[in-house]
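Student: Once you've had a glance at the structure underneath, I'll fire off some questions.
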Amino acid sequence: MTNTTLPRKITGLLAASTLSLGMVSCAAQDQEATDQALTDADGVQVTAGPNQPEEVNGVDLHFVAMMTPHHQQAVEMSDIILAADESSEATNDLADRIKIGQQQEIDTMVEWADAWEQDELMAHHAPHVANGMLDPEQMEQLDSLDGDEADTLFLQLMHFHHEGAIAMTEDQIDHGGYQPLVELAQQMVDVQTAEMQEMEQLLQAKGEGLITD
């Protein structure tokens, strides 16, 4: 009589082994999908964090990382004019609104970046000078002035700063994948466009023009 027990055991072991390898392969693929590498708009390789929504793309990550320091400089500029002697009430009111509004937007973007575990990307872009941002010499010049001179330069520089921000934001609106961030970007455009018009009116009342470059 032929013993069929051993071949059956071997066949069962092979089937179990194949199933096990398949499960390991699927698990590896799932982990690879979780850690899928993205490239931001500057070509920087980034990894999606475990809590990052699937719809977040490289445009979203680049925007958050670059717009945060851009906003931070606007807050610093506002602090400078608010601390200046004899700056106008109208300019101070505008600066205060810019400071409050942009700080709220910073908090939102940083909260998302933290949740998505993008600390490395944020640190990478933090020192970069984005569209419309001032160089250290311009910041020092603004800080050195008081009164009407400080008023005028603040309005001119902030208008230029806003122009750069809007240029950056339009790309996010057109190509971003994370809808709450797209909506925030549209809010930035709406608010900053209105603020630019206000700056133009204040400068016109002074008989002053805009900085073109």
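Residue numbering restarts at 1 for every chain of the structure tokens, chains are lettered A, B, ... in their displayed order, and ligands are numbered from 1 as they appear.
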Please provide as a list of chain:residue names all residues within 9 Å of A:Gly147, with the sequence filter that same-chain residues fewer than 4 positions apart are discarded (counting only C-alpha atoms).
Tutor: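 Using only C-alpha atoms, the neighbours found are A:Ala84, A:Asp85, A:Glu86, A:Ser87, A:Ser88, A:Asp151, A:Thr152.
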Student: Next, the residues of the selection above should be written as a PDB file, in the first residue's frame with C-alpha atoms.
Tutor:
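selection_39.pdb, written as the output of this step:
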ATOM      1  CA  ALA A  84       7.241 102.733  15.068  1.00  0.00           C
ATOM      2  CA  ASP A  85       6.758 106.226  16.484  1.00  0.00           C
ATOM      3  CA  GLU A  86       4.021 108.380  14.954  1.00  0.00           C
ATOM      4  CA  SER A  87       2.856 105.944  12.305  1.00  0.00           C
ATOM      5  CA  SER A  88      -0.666 106.700  11.081  1.00  0.00           C
ATOM      6  CA  ASP A 151       4.258 104.530   6.926  1.00  0.00           C
ATOM      7  CA  THR A 152       5.114 104.961   3.256  1.00  0.00           C
TER       8      THR A 152
END
Student: At a cut-off of 10 Å, using only C-alpha atoms, what residues contact A:Met139? Leave out same-chain residues fewer than 6 positions from it and give the result as a list in words.
Tutor: Gln73, Glu76, Met77, Ile80, Met133, Phe154 and Leu157 of chain A
Student: What gap, in Å, lies between atom CA of A:Asn92 and atom CA of A:Val189?
Tutor: 21.3 Å
Student: Show which residues sit within 9 Å of stretch 116-129 of chain A, as a VMD selection string. Count only C-alpha atoms, and ignore same-chain residues fewer than 3 positions away.
Tutor: chain A and resid 44 to 53 61 to 62 64 to 66 68 to 70 110 to 113 132 to 135
Student: Taking only C-alpha atoms into account, name the residue in A:Thr108, A:Gln141, A:Thr193, A:Thr212 that is nearest to A:Leu181.
Tutor: A:Thr108
Student: Write out as a PyMOL selection string which residues come within 10 Å of A:Lys206 when counting only C-alpha atoms, dropping same-chain ones fewer than 3 positions away.
Tutor: chain A and resi 148+151-152+200-203+209
Student: Restricting the output to N, CA and C atoms, write the selected residues as a PDB file, in the first residue's frame.
Tutor:
ATOM      1  N   ASP A 148       5.923 109.321   9.015  1.00  0.00           N
ATOM      2  CA  ASP A 148       5.415 109.196   7.656  1.00  0.00           C
ATOM      3  C   ASP A 148       6.326 108.360   6.765  1.00  0.00           C
ATOM      4  N   ASP A 151       5.569 104.804   7.513  1.00  0.00           N
ATOM      5  CA  ASP A 151       4.258 104.530   6.926  1.00  0.00           C
ATOM      6  C   ASP A 151       4.369 104.201   5.438  1.00  0.00           C
ATOM      7  N   THR A 152       5.009 105.088   4.713  1.00  0.00           N
ATOM      8  CA  THR A 152       5.114 104.961   3.256  1.00  0.00           C
ATOM      9  C   THR A 152       5.869 103.699   2.868  1.00  0.00           C
ATOM     10  N   GLU A 200      -2.906 100.863  -1.863  1.00  0.00           N
ATOM     11  CA  GLU A 200      -2.818 101.779  -3.004  1.00  0.00           C
ATOM     12  C   GLU A 200      -3.538 103.092  -2.703  1.00  0.00           C
ATOM     13  N   GLN A 201      -4.691 103.005  -2.057  1.00  0.00           N
ATOM     14  CA  GLN A 201      -5.447 104.209  -1.701  1.00  0.00           C
ATOM     15  C   GLN A 201      -4.694 105.058  -0.683  1.00  0.00           C
ATOM     16  N   LEU A 202      -4.083 104.419   0.302  1.00  0.00           N
ATOM     17  CA  LEU A 202      -3.327 105.150   1.320  1.00  0.00           C
ATOM     18  C   LEU A 202      -2.097 105.818   0.709  1.00  0.00           C
ATOM     19  N   LEU A 203      -1.435 105.118  -0.193  1.00  0.00           N
ATOM     20  CA  LEU A 203      -0.267 105.707  -0.850  1.00  0.00           C
ATOM     21  C   LEU A 203      -0.677 106.854  -1.767  1.00  0.00           C
ATOM     22  N   GLY A 209       3.912 106.467  -4.797  1.00  0.00           N
ATOM     23  CA  GLY A 209       3.648 105.364  -5.711  1.00  0.00           C
ATOM     24  C   GLY A 209       4.084 104.042  -5.152  1.00  0.00           C
TER      25      GLY A 209
END
Student: For atom CA of A:Lys99 and atom CA of A:Ser78, determine how far apart the two atoms are, in Å to one decimal place.
Tutor: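 If I compute the distance from atom CA of A:Lys99 to atom CA of A:Ser78, I get 5.9 Å.
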Student: If you run DSSP on the backbone here, which positions in stretch 13-193 of chain A get alpha helix (DSSP H)? Please write them as an MDAnalysis selection string.
Tutor: chainID A and resid 13:34 58:83 89:115 119:125 136:144 147:175 179:193
